[in-house]
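Printed here is target-v3.txt (compact mmCIF, C-alpha atoms):
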```txt
# COMPACT_ATOMS: atom_id res chain seq x y z
CA MET A 1 -68.23 -7.29 -50.99
CA SER A 2 -69.01 -3.71 -50.33
CA MET A 3 -68.97 -1.87 -47.00
CA ALA A 4 -71.47 0.84 -46.24
CA THR A 5 -70.07 3.92 -44.63
CA SER A 6 -72.39 6.05 -42.56
CA HIS A 7 -71.78 9.66 -41.60
CA THR A 8 -73.51 11.31 -38.66
CA SER A 9 -74.11 15.01 -38.80
CA LEU A 10 -72.87 17.07 -35.78
CA SER A 11 -76.18 18.76 -35.68
CA SER A 12 -77.85 15.43 -34.94
CA ILE A 13 -75.74 14.79 -31.76
CA THR A 14 -77.68 15.50 -28.62
CA ILE A 15 -76.21 16.00 -25.14
CA PRO A 16 -78.23 14.56 -22.28
CA SER A 17 -78.98 17.32 -19.89
CA SER A 18 -80.29 17.57 -16.40
CA SER A 19 -82.06 20.57 -14.99
CA LYS A 20 -79.17 21.27 -12.57
CA PHE A 21 -76.52 21.15 -15.31
CA SER A 22 -78.44 23.30 -17.76
CA SER A 23 -79.49 25.84 -15.18
CA SER A 24 -75.91 26.41 -13.97
CA LEU A 25 -74.22 26.63 -17.35
CA SER A 26 -76.82 28.13 -19.64
CA PRO A 27 -76.29 31.73 -18.42
CA LEU A 28 -72.53 31.44 -18.89
CA LEU A 29 -72.76 29.74 -22.30
CA ALA A 30 -74.92 32.54 -23.56
CA LEU A 31 -72.15 35.04 -22.86
CA ALA A 32 -69.18 35.95 -25.01
CA PRO A 33 -65.80 34.55 -23.76
CA PRO A 34 -64.62 37.79 -22.05
CA GLN A 35 -67.99 38.22 -20.36
CA ARG A 36 -68.01 34.54 -19.40
CA THR A 37 -64.64 34.92 -17.60
CA LYS A 38 -65.86 37.98 -15.74
CA ALA A 39 -69.01 36.16 -14.66
CA ARG A 40 -66.96 33.27 -13.29
CA ARG A 41 -64.87 35.71 -11.23
CA LEU A 42 -67.99 37.33 -9.84
CA ASN A 43 -69.33 33.92 -8.82
CA VAL A 44 -66.05 33.08 -7.04
CA ARG A 45 -66.05 36.47 -5.29
CA ARG A 46 -69.63 36.03 -4.10
CA THR A 47 -68.75 32.59 -2.73
CA CYS A 48 -65.76 34.00 -0.80
CA ILE A 49 -67.80 36.90 0.62
CA ARG A 50 -70.55 34.51 1.67
CA ALA A 51 -67.99 32.33 3.50
CA MET A 52 -66.48 35.38 5.25
CA VAL A 53 -69.88 36.59 6.39
CA GLN A 54 -70.75 33.16 7.75
CA GLN A 55 -67.43 33.00 9.59
CA ALA A 56 -67.98 36.47 11.12
CA VAL A 57 -71.49 35.60 12.24
CA GLN A 58 -70.27 32.36 13.80
CA GLY A 59 -67.16 34.00 15.37
CA ALA A 60 -68.89 36.97 17.01
CA PRO A 61 -70.59 34.97 19.78
CA ALA A 62 -67.33 33.10 20.49
CA ALA A 63 -65.35 36.35 20.77
CA TYR A 64 -68.00 37.85 23.02
CA ALA A 65 -68.00 34.78 25.25
CA LYS A 66 -64.19 34.86 25.54
CA GLU A 67 -64.23 38.55 26.44
CA MET A 68 -66.85 37.94 29.13
CA GLU A 69 -64.71 35.10 30.48
CA ARG A 70 -61.68 37.43 30.64
CA LEU A 71 -63.57 40.18 32.47
CA SER A 72 -64.94 37.64 34.92
CA ALA A 73 -61.44 36.26 35.55
CA LYS A 74 -60.14 39.80 36.25
CA GLU A 75 -62.91 40.49 38.75
CA SER A 76 -62.30 37.13 40.40
CA LEU A 77 -58.58 37.87 40.82
CA LEU A 78 -59.20 41.31 42.35
CA LEU A 79 -61.67 39.79 44.81
CA ALA A 80 -59.11 37.13 45.73
CA PHE A 81 -56.60 39.89 46.61
CA LYS A 82 -59.18 41.47 48.90
CA ASP A 83 -60.08 38.16 50.53
CA ALA A 84 -56.37 37.50 51.18
CA GLY A 85 -56.04 40.74 53.15
CA GLY A 86 -54.59 43.00 50.49
CA PHE A 87 -51.10 44.45 50.28
CA GLU A 88 -50.59 44.86 54.04
CA ALA A 89 -51.36 41.22 54.79
CA LEU A 90 -49.09 40.11 51.96
CA VAL A 91 -46.00 42.07 53.01
CA SER A 92 -46.49 41.28 56.70
CA GLY A 93 -46.71 37.54 56.03
CA LYS A 94 -50.30 37.19 57.25
CA THR A 95 -51.65 35.50 54.11
CA THR A 96 -52.35 31.79 54.52
CA ASP A 97 -51.28 28.97 52.21
CA MET A 98 -54.90 28.49 51.16
CA GLN A 99 -55.20 32.16 50.21
CA ARG A 100 -51.93 32.03 48.27
CA ILE A 101 -52.89 28.97 46.25
CA ASP A 102 -56.29 30.51 45.53
CA VAL A 103 -54.71 33.73 44.25
CA ASN A 104 -52.15 31.82 42.17
CA GLU A 105 -54.90 29.71 40.62
CA ARG A 106 -56.78 32.84 39.57
CA ILE A 107 -53.58 34.42 38.21
CA THR A 108 -53.03 31.38 35.98
CA GLY A 109 -56.64 31.49 34.83
CA LEU A 110 -56.32 35.13 33.75
CA GLU A 111 -52.93 34.64 32.05
CA ARG A 112 -54.36 32.15 29.55
CA LEU A 113 -56.79 34.88 28.40
CA ASN A 114 -54.07 37.46 27.71
CA PRO A 115 -55.45 39.84 25.03
CA THR A 116 -52.06 41.41 24.17
CA PRO A 117 -49.82 39.15 22.04
CA ARG A 118 -46.81 41.53 22.12
CA PRO A 119 -46.98 43.20 25.54
CA THR A 120 -43.35 44.42 25.64
CA THR A 121 -44.06 46.87 22.81
CA SER A 122 -47.66 47.69 23.74
CA PRO A 123 -48.60 51.27 24.74
CA PHE A 124 -50.53 49.73 27.64
CA LEU A 125 -47.22 49.01 29.39
CA GLU A 126 -46.38 52.64 30.10
CA GLY A 127 -47.85 54.48 33.06
CA ARG A 128 -48.02 54.18 36.85
CA TRP A 129 -48.76 50.76 38.33
CA ASN A 130 -49.49 49.69 41.89
CA PHE A 131 -48.09 46.41 43.25
CA GLU A 132 -50.90 44.11 44.40
CA TRP A 133 -49.16 40.74 44.71
CA PHE A 134 -45.64 39.33 44.98
CA GLY A 135 -44.40 35.81 44.56
CA SER A 136 -42.54 34.22 47.46
CA GLY A 137 -39.19 34.88 45.76
CA SER A 138 -39.89 38.44 44.59
CA PRO A 139 -37.29 41.14 45.46
CA GLY A 140 -40.15 43.41 46.57
CA LEU A 141 -41.51 40.85 49.02
CA PHE A 142 -38.00 40.11 50.30
CA ALA A 143 -37.45 43.81 51.10
CA ALA A 144 -40.85 44.09 52.75
CA ARG A 145 -40.26 41.00 54.89
CA LEU A 146 -36.86 42.40 55.90
CA ILE A 147 -38.58 45.49 57.33
CA PHE A 148 -41.33 43.59 59.14
CA GLU A 149 -39.02 40.93 60.57
CA ASN A 150 -36.65 43.48 62.09
CA PHE A 151 -39.09 46.17 63.21
CA PRO A 152 -42.54 45.92 64.82
CA SER A 153 -45.37 47.31 62.70
CA SER A 154 -45.76 50.12 65.24
CA ILE A 155 -42.23 51.29 64.39
CA ALA A 156 -41.91 50.63 60.65
CA SER A 157 -44.35 49.59 57.95
CA LEU A 158 -44.48 49.47 54.18
CA SER A 159 -47.68 51.19 53.11
CA LYS A 160 -47.51 50.66 49.35
CA MET A 161 -45.26 50.14 46.34
CA ASP A 162 -45.73 51.43 42.82
CA VAL A 163 -43.73 51.71 39.60
CA PHE A 164 -43.78 54.34 36.87
CA ILE A 165 -42.77 53.09 33.39
CA LYS A 166 -41.92 55.52 30.60
CA ASP A 167 -39.58 55.47 27.58
CA GLY A 168 -37.75 52.31 28.60
CA ASN A 169 -37.16 53.44 32.20
CA ALA A 170 -38.85 52.51 35.45
CA ASN A 171 -38.96 54.13 38.89
CA ILE A 172 -40.03 51.78 41.67
CA THR A 173 -41.20 53.63 44.80
CA ALA A 174 -41.61 52.03 48.22
CA ASN A 175 -43.54 54.18 50.70
CA MET A 176 -42.58 53.57 54.34
CA ASN A 177 -44.05 54.83 57.58
CA LEU A 178 -41.85 55.16 60.66
CA LEU A 179 -43.33 55.54 64.16
CA ASN A 180 -46.63 56.40 62.46
CA SER A 181 -45.36 59.95 62.15
CA ILE A 182 -42.47 59.92 59.67
CA GLU A 183 -43.08 59.17 56.01
CA SER A 184 -40.17 58.20 53.79
CA LYS A 185 -39.63 56.81 50.32
CA VAL A 186 -37.08 54.57 48.69
CA ILE A 187 -36.90 54.95 44.92
CA ILE A 188 -35.15 52.41 42.70
CA SER A 189 -34.43 53.59 39.14
CA THR A 190 -34.06 50.87 36.51
CA LYS A 191 -33.56 50.59 32.77
CA LEU A 192 -35.82 48.29 30.74
CA SER A 193 -34.79 46.71 27.46
CA VAL A 194 -37.02 44.65 25.19
CA GLU A 195 -35.68 41.21 24.33
CA GLY A 196 -38.71 39.70 22.66
CA PRO A 197 -42.48 39.99 22.39
CA LEU A 198 -42.84 38.74 25.98
CA ARG A 199 -39.37 39.03 27.56
CA MET A 200 -37.63 42.08 29.03
CA LYS A 201 -34.42 42.77 30.93
CA GLU A 202 -34.33 45.11 33.92
CA GLU A 203 -31.05 46.73 35.01
CA TYR A 204 -30.89 48.60 38.30
CA VAL A 205 -29.35 52.08 37.87
CA GLU A 206 -29.70 54.00 41.12
CA GLY A 207 -31.30 53.88 44.55
CA THR A 208 -32.51 57.01 46.33
CA LEU A 209 -33.50 57.38 49.99
CA VAL A 210 -35.79 60.40 49.93
CA SER A 211 -35.54 62.82 52.84
CA PRO A 212 -38.31 61.89 55.32
CA THR A 213 -41.37 64.02 55.97
CA ILE A 214 -42.41 64.49 59.60
CA ILE A 215 -46.10 64.68 60.43
CA GLU A 216 -45.89 66.77 63.59
CA ASP A 217 -49.36 66.09 64.97
CA ARG A 218 -48.63 62.34 64.95
CA VAL A 219 -45.26 62.49 66.70
CA PRO A 220 -45.40 60.87 70.18
CA GLU A 221 -44.76 63.30 73.02
CA GLN A 222 -41.66 61.40 74.18
CA LEU A 223 -40.05 61.79 70.75
CA LYS A 224 -40.85 65.41 69.95
CA GLY A 225 -37.74 66.71 71.71
CA ALA A 226 -35.38 64.30 69.93
CA LEU A 227 -36.93 64.99 66.51
CA GLY A 228 -36.74 68.73 67.09
CA GLN A 229 -33.04 68.46 67.87
CA ALA A 230 -32.45 66.38 64.73
CA VAL A 231 -34.23 68.95 62.56
CA ASN A 232 -32.19 71.78 64.06
CA ALA A 233 -28.97 69.84 63.48
CA VAL A 234 -29.81 69.40 59.81
CA GLN A 235 -30.58 73.10 59.45
CA GLN A 236 -27.14 73.98 60.81
CA LEU A 237 -25.29 71.87 58.23
CA PRO A 238 -23.37 73.64 55.42
CA VAL A 239 -25.61 74.50 52.50
CA PRO A 240 -24.14 71.94 50.03
CA ILE A 241 -24.53 69.11 52.56
CA ARG A 242 -27.97 70.30 53.62
CA ASP A 243 -29.10 70.41 49.99
CA ALA A 244 -27.71 66.92 49.42
CA VAL A 245 -29.59 65.60 52.46
CA SER A 246 -32.84 67.30 51.44
CA SER A 247 -32.63 65.93 47.89
CA GLY A 248 -32.11 62.39 49.17
CA LEU A 249 -29.26 59.95 49.59
CA LYS A 250 -28.35 58.43 46.21
CA VAL A 251 -26.64 55.06 45.84
CA PRO A 252 -25.29 54.02 42.40
CA LEU A 253 -26.40 50.53 41.40
CA SER A 254 -25.16 50.34 37.80
CA ASN A 255 -23.77 46.97 36.71
CA SER A 256 -24.65 45.45 40.09
CA ILE A 257 -28.18 44.04 39.81
CA GLN A 258 -30.23 42.93 36.84
CA ARG A 259 -32.97 40.45 36.14
CA LEU A 260 -34.97 38.94 33.30
CA PHE A 261 -38.74 38.70 33.37
CA MET A 262 -41.61 37.96 31.02
CA ILE A 263 -44.99 39.67 30.74
CA SER A 264 -47.62 36.95 30.91
CA TYR A 265 -50.65 39.26 30.89
CA LEU A 266 -51.30 42.89 29.96
CA ASP A 267 -54.38 44.97 29.34
CA GLU A 268 -55.40 48.54 30.19
CA GLU A 269 -55.88 47.70 33.90
CA ILE A 270 -53.73 44.71 34.96
CA LEU A 271 -50.08 43.76 34.42
CA ILE A 272 -48.70 40.34 35.36
CA ILE A 273 -44.99 39.51 35.12
CA ARG A 274 -43.00 36.41 36.03
CA ASP A 275 -39.30 36.24 36.81
CA THR A 276 -36.90 33.44 35.87
CA SER A 277 -38.10 31.32 38.77
CA GLY A 278 -41.71 31.67 37.59
CA MET A 279 -42.85 33.79 40.55
CA PRO A 280 -45.73 36.14 39.60
CA GLU A 281 -46.06 39.84 40.34
CA VAL A 282 -49.45 41.45 39.76
CA LEU A 283 -49.91 45.19 39.33
CA THR A 284 -52.98 47.35 38.77
CA ARG A 285 -52.96 50.66 36.91
CA LEU A 286 -53.05 53.90 38.90
CA ASP A 287 -53.42 56.34 36.00
CA ALA A 288 -54.97 56.49 32.55
CA SER A 289 -53.48 54.33 29.84
CA PRO A 290 -51.51 56.22 27.14
CA SER A 291 -53.03 54.03 24.42
CA SER A 292 -55.74 56.62 23.75
CA LEU A 293 -53.01 59.00 22.62
CA GLY A 294 -51.83 56.58 19.95
CA GLU A 295 -48.37 56.27 21.48
CA SER A 296 -46.24 53.21 20.83
CA ILE A 297 -42.95 51.74 21.97
CA PRO A 298 -40.25 50.88 19.40
CA GLU A 299 -40.28 47.27 18.28
CA TYR A 300 -37.66 44.93 19.66
CA GLU A 301 -34.68 43.84 17.58
CA SER A 302 -34.13 40.11 17.34
```
For the file at hand, write its structure as structure tokens.
Amino acid sequence: MSMATSHTSLSSITIPSSSKFSSSLSPLLALAPPQRTKARRLNVRRTCIRAMVQQAVQGAPAAYAKEMERLSAKESLLLAFKDAGGFEALVSGKTTDMQRIDVNERITGLERLNPTPRPTTSPFLEGRWNFEWFGSGSPGLFAARLIFENFPSSIASLSKMDVFIKDGNANITANMNLLNSIESKVIISTKLSVEGPLRMKEEYVEGTLVSPTIIEDRVPEQLKGALGQAVNAVQQLPVPIRDAVSSGLKVPLSNSIQRLFMISYLDEEILIIRDTSGMPEVLTRLDASPSSLGESIPEYES
């Protein structure tokens, strides 16, 4: 019994092909191996670029919408300050509970849109800032309430507070008005140290009671004689003492007071910080931001 052996030639084997398969591979198969590899890389690169372009096109409207939401939240917060009576109403205790909760709600809404992920080392932090809002447990509000609770507004008032931040140091200035005719300042110098991307430590260094300035045309008639005598008495002091009085009374505060706080929001116009109790302080910029100069603050060390 014999068995027949059949041999099929390779040239007679046919590969079923579809239009999609042949159209995608035929250009590559026609190339030499090195050229084929290069072509594959170009195809992968084109695919990646196409995906990036699609992502950018889709992301641009979302980024624009978020930026518009942030600007709207800023404007809403500033209007809430005005509706609450501003700085004077805040420090004199005239703001209502409804106004406070409204402002706090808007503060929280702006904080979630913080555009600065590492505010403690941002150049936006440096400059002069004006205090707009204190929390109920803030040291600034406590000092202001102390003045208003012990003296009528006609005798003593706190007109404004600001802080100047530069090179890891801060000078907090409280401007007071006495008898509507004497202007004085209390300056608290502090040292700031970075403890993380959001957290900082503030150490009080020195307090200075600046020599008051008398606005003569505002002095009440019944006080002009007494103030004139006081000025003459100062002029008769020995020169070293007189110079010390004119330069201000300095009180060392080193190693006595310090606090931790976090920066929950920072941009070129608004700064929001919270202390360990969570109380917010909101400040608005008084001068131009140094960011245009390309300045930066050294990174923190973990």
Could you check which of A:Pro115, A:Glu132, A:Lys250, A:Pro61 is closest to Leu79 in chain A, using only C-alpha atoms?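 That would be A:Glu132, the residue with the smallest distance to Leu79 in chain A.
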Residue neighbourhood Asn114 in chain A, 9 Å, all atoms listed in the file, exclusion window fewer than 4 positions, as a PyMOL selection string: chain A and resi 70+110+264-267
How many Å separate CA of Glu75 in chain A from CA of Arg112 in chain A?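 If I compute the distance from CA of Glu75 in chain A to CA of Arg112 in chain A, I get 15.1 Å.
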Atomic separation - CA of Ser211 in chain A relative to CA of Gln258 in chain A, Å: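 If I compute the distance from CA of Gln258 in chain A to CA of Ser211 in chain A, I get 26.1 Å.
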Could you state the separation of CA of Phe124 in chain A and CA of Gly109 in chain A in Å, given to one decimal place?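 CA of Gly109 in chain A lies 20.5 Å from CA of Phe124 in chain A.
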So, with only C-alpha atoms as the atoms that count, which of A:Arg100, A:Leu198, A:Ile165, A:Asn177 lies closest to Arg274 in chain A?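 Comparing A:Arg100, A:Leu198, A:Ile165, A:Asn177 against Arg274 in chain A, the winner is A:Leu198.
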Between A:Arg285, A:Lys94, A:Arg128, A:Lys201, which is the closest to Val163 in chain A once you count only C-alpha atoms?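 Selected residue with least distance to Val163 in chain A: A:Arg128.
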Residue with smallest distance to Glu281 in chain A - pool A:Leu71, A:Ile263, A:Leu125, A:Ser193, counting all atoms listed in the file: A:Ile263
From the list A:Glu206, A:Asp97, A:Asp167, A:Glu269, which residue is nearest Val251 in chain A when using only C-alpha atoms?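 The closest residue to Val251 in chain A is A:Glu206.
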May I ask which of the residues A:Gly196, A:Pro117, A:Gly85, A:Gly127 is the closest one to Leu283 in chain A, counting all atoms listed in the file? A:Gly127
